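K.L.:
For reference, the file upload37.cif (mmCIF, C-alpha atoms and all ligand atoms) is included below:
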```cif
data_run
#
loop_
_atom_site.label_atom_id
_atom_site.label_comp_id
_atom_site.auth_asym_id
_atom_site.auth_seq_id
_atom_site.Cartn_x
_atom_site.Cartn_y
_atom_site.Cartn_z
CA MET A 1 -137.66 19.74 100.11
CA SER A 2 -136.91 16.76 102.30
CA ARG A 3 -133.80 14.60 102.11
CA TRP A 4 -136.11 11.60 101.69
CA ASP A 5 -137.94 12.96 98.68
CA VAL A 6 -136.10 10.30 96.62
CA PHE A 7 -138.98 8.04 97.65
CA GLN A 8 -141.62 10.15 95.93
CA ASP A 9 -143.76 7.95 93.63
CA LYS A 10 -141.68 4.86 94.44
CA VAL A 11 -143.79 1.71 94.84
CA ILE A 12 -142.79 0.23 98.19
CA VAL A 13 -144.04 -3.02 99.75
CA ILE A 14 -143.66 -3.30 103.54
CA THR A 15 -144.48 -6.43 105.54
CA GLY A 16 -145.31 -6.16 109.23
CA ALA A 17 -146.49 -2.58 108.66
CA ALA A 18 -149.05 -2.48 111.47
CA SER A 19 -146.66 -1.78 114.34
CA GLY A 20 -143.17 -0.73 115.38
CA PHE A 21 -140.59 -0.04 112.69
CA GLY A 22 -142.99 -0.89 109.85
CA ARG A 23 -145.60 1.56 111.05
CA ILE A 24 -143.12 4.42 111.47
CA LEU A 25 -141.55 3.65 108.09
CA ALA A 26 -144.94 3.65 106.35
CA ASN A 27 -145.80 7.03 107.86
CA LYS A 28 -142.49 8.59 106.85
CA LEU A 29 -142.67 7.22 103.31
CA SER A 30 -146.26 8.32 102.84
CA ALA A 31 -145.27 11.85 103.86
CA GLU A 32 -142.70 11.74 101.04
CA GLY A 33 -145.30 10.74 98.44
CA ALA A 34 -144.41 7.05 98.11
CA LYS A 35 -146.96 4.55 96.84
CA LEU A 36 -147.32 1.98 99.58
CA VAL A 37 -148.43 -1.63 99.72
CA LEU A 38 -148.70 -2.53 103.39
CA GLY A 39 -149.09 -6.07 104.66
CA ASP A 40 -149.52 -7.44 108.17
CA ILE A 41 -151.02 -10.51 109.79
CA ASN A 42 -153.12 -8.23 112.03
CA ALA A 43 -155.86 -6.52 110.01
CA GLU A 44 -157.19 -4.04 112.58
CA PRO A 45 -153.95 -2.28 113.54
CA LEU A 46 -153.01 -2.30 109.87
CA ALA A 47 -156.22 -0.43 109.05
CA ARG A 48 -155.37 2.10 111.77
CA VAL A 49 -151.93 2.67 110.21
CA ALA A 50 -153.53 3.14 106.79
CA ALA A 51 -155.85 5.77 108.26
CA GLU A 52 -152.99 7.78 109.81
CA LEU A 53 -150.91 8.03 106.61
CA ALA A 54 -150.29 11.45 105.06
CA LEU A 55 -151.51 10.13 101.69
CA PRO A 56 -153.99 7.32 102.42
CA ASP A 57 -155.16 7.29 98.79
CA ASN A 58 -151.60 6.36 97.75
CA ALA A 59 -151.63 3.17 99.83
CA VAL A 60 -153.22 -0.24 99.69
CA THR A 61 -153.28 -2.71 102.55
CA ALA A 62 -153.65 -6.46 102.71
CA THR A 63 -153.76 -9.01 105.45
CA CYS A 64 -150.68 -11.09 104.81
CA ASP A 65 -149.08 -13.82 106.87
CA VAL A 66 -145.48 -13.86 105.67
CA ALA A 67 -145.14 -17.49 106.72
CA VAL A 68 -147.50 -18.41 103.87
CA GLU A 69 -145.78 -18.15 100.51
CA LEU A 70 -148.96 -17.57 98.52
CA GLU A 71 -149.90 -14.63 100.74
CA VAL A 72 -146.53 -12.93 100.17
CA LYS A 73 -146.82 -13.60 96.43
CA ALA A 74 -150.32 -12.07 96.52
CA LEU A 75 -148.98 -8.98 98.31
CA VAL A 76 -146.44 -8.42 95.53
CA GLU A 77 -149.15 -8.99 92.93
CA GLN A 78 -151.29 -6.42 94.69
CA ALA A 79 -148.50 -3.87 94.29
CA CYS A 80 -148.46 -4.59 90.57
CA SER A 81 -152.21 -4.38 90.12
CA ALA A 82 -152.42 -1.14 92.12
CA PHE A 83 -149.27 0.62 90.94
CA GLY A 84 -147.74 -1.43 88.07
CA ARG A 85 -144.39 -2.38 89.62
CA VAL A 86 -142.34 -2.90 92.79
CA ASP A 87 -139.42 -0.53 93.33
CA ILE A 88 -138.61 -1.54 96.90
CA ILE A 89 -139.65 -4.36 99.22
CA VAL A 90 -139.01 -4.18 102.95
CA ASN A 91 -139.17 -7.62 104.54
CA ASN A 92 -139.81 -6.36 108.03
CA ALA A 93 -142.43 -8.65 109.63
CA GLY A 94 -141.07 -10.59 112.55
CA LEU A 95 -141.84 -11.98 115.97
CA GLY A 96 -140.16 -13.13 119.13
CA THR A 97 -140.79 -16.10 121.39
CA SER A 98 -140.37 -16.47 125.15
CA PRO A 99 -136.75 -16.25 126.29
CA ARG A 100 -135.27 -19.67 127.00
CA LEU A 101 -131.83 -21.18 127.19
CA LEU A 102 -131.07 -23.45 124.25
CA ILE A 103 -131.48 -26.62 126.29
CA ASP A 104 -135.04 -25.51 127.09
CA THR A 105 -135.86 -24.23 123.61
CA THR A 106 -138.66 -26.21 122.00
CA GLU A 107 -139.19 -27.45 118.48
CA GLU A 108 -142.19 -25.08 118.35
CA ASP A 109 -139.87 -22.13 119.17
CA MET A 110 -137.64 -23.14 116.27
CA ASP A 111 -140.55 -23.73 113.90
CA ILE A 112 -142.31 -20.40 114.47
CA ASN A 113 -139.05 -18.44 114.34
CA TYR A 114 -138.08 -20.13 111.10
CA ALA A 115 -141.56 -19.84 109.59
CA VAL A 116 -141.95 -16.10 110.18
CA ASN A 117 -138.50 -14.61 110.71
CA ALA A 118 -136.59 -16.64 108.11
CA LYS A 119 -139.02 -18.12 105.59
CA GLY A 120 -141.14 -14.96 105.66
CA VAL A 121 -138.11 -12.97 104.50
CA PHE A 122 -137.21 -15.65 101.93
CA PHE A 123 -140.71 -15.42 100.39
CA GLY A 124 -140.44 -11.63 100.19
CA ILE A 125 -137.02 -11.85 98.54
CA LYS A 126 -138.21 -14.51 96.10
CA HIS A 127 -141.42 -12.86 94.94
CA GLY A 128 -140.16 -9.31 95.24
CA ILE A 129 -137.11 -10.01 93.08
CA ARG A 130 -139.06 -12.11 90.56
CA GLN A 131 -141.23 -9.06 89.98
CA MET A 132 -138.23 -6.69 89.89
CA LEU A 133 -136.61 -8.79 87.17
CA ALA A 134 -139.82 -9.03 85.14
CA GLN A 135 -140.80 -5.37 85.13
CA SER A 136 -139.73 -2.69 82.70
CA PRO A 137 -137.33 -1.14 83.44
CA PRO A 138 -136.09 -4.06 85.57
CA GLY A 139 -134.46 -3.63 88.97
CA GLY A 140 -135.26 -2.75 92.54
CA ILE A 141 -134.16 -2.62 96.13
CA VAL A 142 -134.67 -5.16 98.91
CA LEU A 143 -134.26 -4.31 102.59
CA ASN A 144 -134.45 -7.20 105.03
CA VAL A 145 -134.90 -6.56 108.72
CA ALA A 146 -132.51 -8.91 110.51
CA SER A 147 -131.15 -8.13 113.99
CA MET A 148 -127.95 -7.95 115.99
CA ALA A 149 -129.06 -11.50 116.81
CA GLY A 150 -128.40 -12.20 113.12
CA ILE A 151 -124.69 -11.43 113.37
CA GLY A 152 -123.84 -12.59 116.88
CA GLY A 153 -125.03 -14.95 119.56
CA ALA A 154 -128.07 -13.92 121.55
CA PRO A 155 -128.42 -15.60 124.94
CA THR A 156 -131.96 -16.88 125.67
CA ILE A 157 -133.23 -16.09 122.18
CA GLY A 158 -131.33 -18.75 120.28
CA ALA A 159 -134.20 -19.73 117.99
CA TYR A 160 -134.66 -16.08 117.01
CA ALA A 161 -130.90 -15.73 116.51
CA ALA A 162 -130.79 -18.78 114.24
CA ALA A 163 -133.61 -17.41 112.10
CA LYS A 164 -132.05 -13.93 111.92
CA HIS A 165 -128.70 -15.45 110.89
CA ALA A 166 -130.67 -17.08 108.08
CA VAL A 167 -131.90 -13.62 107.05
CA VAL A 168 -128.29 -12.43 106.77
CA GLY A 169 -127.39 -15.50 104.70
CA LEU A 170 -130.33 -14.90 102.39
CA THR A 171 -129.43 -11.21 102.09
CA LYS A 172 -125.85 -11.91 101.01
CA THR A 173 -126.88 -14.67 98.61
CA ALA A 174 -129.61 -12.60 96.97
CA ALA A 175 -127.29 -9.61 96.70
CA TYR A 176 -124.75 -11.66 94.78
CA GLU A 177 -127.26 -13.51 92.59
CA TYR A 178 -129.07 -10.38 91.33
CA ALA A 179 -126.45 -7.63 91.50
CA ALA A 180 -125.88 -7.70 87.75
CA LYS A 181 -129.63 -7.44 87.13
CA GLY A 182 -130.08 -4.14 88.91
CA VAL A 183 -131.31 -5.44 92.26
CA ARG A 184 -129.60 -4.45 95.52
CA VAL A 185 -130.23 -6.36 98.75
CA ASN A 186 -129.16 -5.25 102.23
CA ALA A 187 -130.17 -5.99 105.80
CA ILE A 188 -130.46 -3.83 108.89
CA CYS A 189 -129.41 -5.42 112.18
CA PRO A 190 -130.91 -3.40 115.04
CA PHE A 191 -130.06 -3.86 118.69
CA PHE A 192 -133.01 -3.80 121.11
CA SER A 193 -135.36 -0.89 120.51
CA PRO A 194 -138.60 -0.27 122.42
CA THR A 195 -141.28 -1.37 119.96
CA PRO A 196 -144.18 -3.60 121.02
CA LEU A 197 -142.08 -6.62 119.97
CA VAL A 198 -139.90 -6.12 123.04
CA THR A 199 -141.94 -3.89 125.36
CA ASP A 200 -144.89 -6.32 125.29
CA ALA A 201 -142.61 -9.30 125.88
CA GLU A 202 -140.76 -10.63 128.93
CA LEU A 203 -137.64 -8.85 127.66
CA GLY A 204 -139.48 -5.55 128.09
CA GLN A 205 -138.84 -5.75 131.84
CA LYS A 206 -135.10 -5.76 131.19
CA MET A 207 -134.93 -2.63 129.05
CA ASP A 208 -133.24 -0.50 131.70
CA SER A 209 -130.51 -3.04 132.43
CA LEU A 210 -130.00 -3.63 128.71
CA ALA A 211 -129.58 0.11 128.21
CA ARG A 212 -127.06 0.39 131.04
CA GLY A 213 -124.90 -2.25 129.35
CA THR A 214 -124.53 -0.31 126.10
CA PRO A 215 -121.75 2.17 125.23
CA MET A 216 -124.26 5.02 124.84
CA LYS A 217 -126.12 3.99 128.02
CA ARG A 218 -129.41 4.00 126.18
CA LEU A 219 -131.31 1.91 123.65
CA GLY A 220 -131.96 3.16 120.17
CA ASP A 221 -135.30 4.81 119.59
CA PRO A 222 -137.43 3.10 116.92
CA GLU A 223 -137.26 6.39 114.96
CA GLU A 224 -133.46 6.06 114.88
CA MET A 225 -133.75 2.54 113.46
CA VAL A 226 -136.17 3.72 110.79
CA GLU A 227 -133.78 6.53 109.87
CA VAL A 228 -131.17 3.88 108.99
CA MET A 229 -133.77 1.80 107.16
CA LEU A 230 -134.45 4.84 104.98
CA MET A 231 -130.71 5.28 104.31
CA LEU A 232 -130.26 1.63 103.37
CA MET A 233 -133.30 1.47 101.08
CA SER A 234 -132.70 4.85 99.48
CA PRO A 235 -132.19 4.82 95.69
CA ALA A 236 -129.35 7.27 96.44
CA ASN A 237 -127.52 4.48 98.33
CA SER A 238 -126.69 2.93 95.00
CA TYR A 239 -123.43 1.00 95.62
CA MET A 240 -124.09 -0.71 98.95
CA ASN A 241 -125.04 -4.32 98.37
CA GLY A 242 -125.12 -7.52 100.43
CA GLN A 243 -124.45 -5.78 103.74
CA ALA A 244 -125.82 -6.58 107.18
CA VAL A 245 -125.61 -3.22 108.92
CA ALA A 246 -125.44 -3.10 112.71
CA VAL A 247 -127.40 -0.29 114.34
CA ASP A 248 -126.47 -0.82 117.95
CA GLY A 249 -125.05 2.36 119.46
CA GLY A 250 -121.59 0.80 119.34
CA MET A 251 -122.38 -2.52 121.06
CA SER A 252 -120.52 -4.53 118.43
CA ALA A 253 -117.55 -2.14 118.24
CA ILE A 254 -115.44 -4.17 120.67
N1 LIG A 301 -137.56 -3.89 118.23
C1 LIG A 301 -136.39 -4.49 118.33
O1 LIG A 301 -135.70 -4.42 119.35
C2 LIG A 301 -135.84 -5.25 117.15
C3 LIG A 301 -134.47 -5.54 117.16
C4 LIG A 301 -133.95 -6.27 116.09
C5 LIG A 301 -134.77 -6.64 115.05
N2 LIG A 301 -136.10 -6.34 115.09
C6 LIG A 301 -136.92 -6.78 113.96
O2 LIG A 301 -137.62 -5.68 113.44
C7 LIG A 301 -138.77 -6.15 112.74
C8 LIG A 301 -139.96 -5.32 113.14
O3 LIG A 301 -140.21 -5.55 114.52
P1 LIG A 301 -140.75 -4.42 115.50
O4 LIG A 301 -139.71 -4.24 116.55
O5 LIG A 301 -141.23 -3.25 114.76
O6 LIG A 301 -141.93 -5.25 116.20
P2 LIG A 301 -143.52 -5.06 116.22
O7 LIG A 301 -144.02 -6.24 116.97
O8 LIG A 301 -143.86 -3.71 116.69
O9 LIG A 301 -143.93 -5.17 114.68
C9 LIG A 301 -143.86 -6.38 113.98
C10 LIG A 301 -145.05 -6.49 113.06
O10 LIG A 301 -144.93 -7.73 112.34
C11 LIG A 301 -146.22 -8.30 112.29
N3 LIG A 301 -146.13 -9.74 112.11
C12 LIG A 301 -145.77 -10.69 113.01
N4 LIG A 301 -145.87 -11.90 112.47
C13 LIG A 301 -146.28 -11.73 111.20
C14 LIG A 301 -146.56 -12.61 110.13
N5 LIG A 301 -146.46 -13.94 110.27
N6 LIG A 301 -146.93 -12.08 108.95
C15 LIG A 301 -147.07 -10.74 108.80
N7 LIG A 301 -146.85 -9.87 109.78
C16 LIG A 301 -146.46 -10.35 110.96
C17 LIG A 301 -146.86 -7.94 113.62
O11 LIG A 301 -148.28 -8.06 113.55
C18 LIG A 301 -146.38 -6.52 113.80
O12 LIG A 301 -147.30 -5.60 113.23
C19 LIG A 301 -138.89 -7.63 113.09
O13 LIG A 301 -138.38 -8.41 112.03
C20 LIG A 301 -138.00 -7.79 114.31
O14 LIG A 301 -137.49 -9.08 114.46
C21 LIG A 301 -136.64 -5.65 116.11
#
```
Would you write the structure of this file as structure tokens?
P.N.:
Amino acid sequence: MSRWDVFQDKVIVITGAASGFGRILANKLSAEGAKLVLGDINAEPLARVAAELALPDNAVTATCDVAVELEVKALVEQACSAFGRVDIIVNNAGLGTSPRLLIDTTEEDMDINYAVNAKGVFFGIKHGIRQMLAQSPPGGIVLNVASMAGIGGAPTIGAYAAAKHAVVGLTKTAAYEYAAKGVRVNAICPFFSPTPLVTDAELGQKMDSLARGTPMKRLGDPEEMVEVMLMLMSPANSYMNGQAVAVDGGMSAI
């Protein structure tokens, strides 16, 4: 028996499942017998993730750009046609843009951050919860992937920080609006963790100095972030609602 066997047979939609946290999460949930609906804008790496799952026959994949509302709606519909309901949606897809001070940040930086990191989460909340309210029995769990940049300032990534603050605002609003209908909504706020999002970016060169500046003198492993994602989205975590949970090795403690 595993402590995550609460996910067995749960129908779980994950956006941005082709890499990083989403990929690790999909693998862990598949090993627990979850029924997965995996979306990502990148079809080829998504197909590779599908092939590495413990239970590939219990998963469907779809190319899905979360910035396009109809594609997120279609992903939720795919969960219903394949498995009949949505128990959990993880709005995880996200991207970063080149680091710039605010006075150098472009309208394009703002637009892409808002389109993917904020609106993408909004679309997942909207269509995920619509389905959760319509199904029988109604209810479900939403986990949004925000960031420490969603609860504090983030020098040189201001556009990302603005969009991640929006994710926290959406999380708290959705939690309040649907609490009485059996839907819980929380957000995880990770500090930097070496996934391709950061290691492939300019920030990747600063990992060592970032780590030295933390209380634990190291960055969190992606596996450690996914462990908290599992806690937050667990059906056993039944009274936590509307929270933006920092996973930062103590960075925000002072
Ligand atoms: N790694 C970190 O340090 C860190 C810290 C805080 C928050 N986050 C957040 O965690 C989430 C996952 O990021 P990760 O670190 O695993 O990065 P990652 O780059 O490894 O994975 C992100 C995935 O999202 C997908 N994606 C990007 N744009 C998309 C779109 N428009 N539609 C659908 N899919 C899209 C990518 O193809 C990729 O597969 C993101 O929301 C990110 O902002 C990451």
K.L.:
Set the cut-off to 6 Å, count all atoms listed in the file, and list whatever residues fall near ligand LIG 301 (chain A) as an MDAnalysis selection string.
P.N.:
chainID A and resid 15:22 40:42 64:67 92:95 116 145:147 190:198
K.L.:
Compare A:Leu203, A:Ala159, A:Val13, A:Met132 by their minimum atom-to-atom distance to Ile103 (chain A), counting all atoms listed in the file, and give me the closest one.
P.N.:
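Distance minimum relative to Ile103 (chain A) lands on A:Ala159.
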K.L.:
Rank A:Gly242, A:Gly96, A:Gly249, A:Pro56 by their smallest atom-to-atom distance to Ala201 (chain A), using all atoms listed in the file, and report the top residue only.
P.N.:
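Between A:Gly242, A:Gly96, A:Gly249, A:Pro56, the residue approaching Ala201 (chain A) most closely is A:Gly96.
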K.L.:
Just the number, please: distance in Å from CA of Lys217 (chain A) to CA of Pro99 (chain A), one decimal.
P.N.:
22.9 Å
K.L.:
Compare A:Met225, A:Ile157, A:Leu232, A:Lys119 by their minimum atom-to-atom distance to Leu170 (chain A), counting only C-alpha atoms, and give me the closest one.
P.N.:
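Among the listed residues, the smallest separation from Leu170 (chain A) belongs to A:Lys119.
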K.L.:
To one decimal in Å, tell me the separation between CA of Leu29 (chain A) and CA of Met1 (chain A).
P.N.:
13.9 Å
K.L.:
Do a neighbour search on region 228-231 of chain A at 12 Å with only C-alpha atoms, toss out local chain neighbours closer than 6 positions, and write the hits as a ChimeraX atom specification.
P.N.:
/A:3-7,12,14,21-22,24-29,32,88-92,141-146,186-190,220-222,237-238,240,244-248
K.L.:
Hey, which of A:Thr156, A:Asn113, A:Ser2, A:Gln78 ends up closest to His127 (chain A)? Count only C-alpha atoms.
P.N.:
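Of A:Thr156, A:Asn113, A:Ser2, A:Gln78, the one nearest His127 (chain A) is A:Gln78, counting only C-alpha atoms.
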K.L.:
CA of Lys10 (chain A) to CA of Ala34 (chain A): how many Å, to one decimal?
P.N.:
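That distance, rounded to one decimal, is 5.1 Å.
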K.L.:
Using only C-alpha atoms, can you tell me which of A:Val76, A:Leu102, A:Ala51, A:Leu38 comes closest to Thr63 (chain A)?
P.N.:
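Under the stated criterion, the closest residue is A:Leu38.
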K.L.:
Which of these residues is nearest to Asp57 (chain A), using all atoms listed in the file: A:Leu133, A:Met110, A:Val121, A:Leu36?
P.N.:
A:Leu36
K.L.:
Taking 2 positions as the minimum chain separation for residues in the same chain, which residues sit within 7 Å of Lys164 (chain A) when counting only C-alpha atoms? Answer as a ChimeraX atom specification.
P.N.:
/A:117-118,146-147,149-150,160-162,166-168
K.L.:
Quick one: residues within 8 Å of Ala50 (chain A), only C-alpha atoms, excluding same-chain residues fewer than 2 positions away - as a PyMOL selection string?
P.N.:
chain A and resi 46-48+52-53+56+59-61
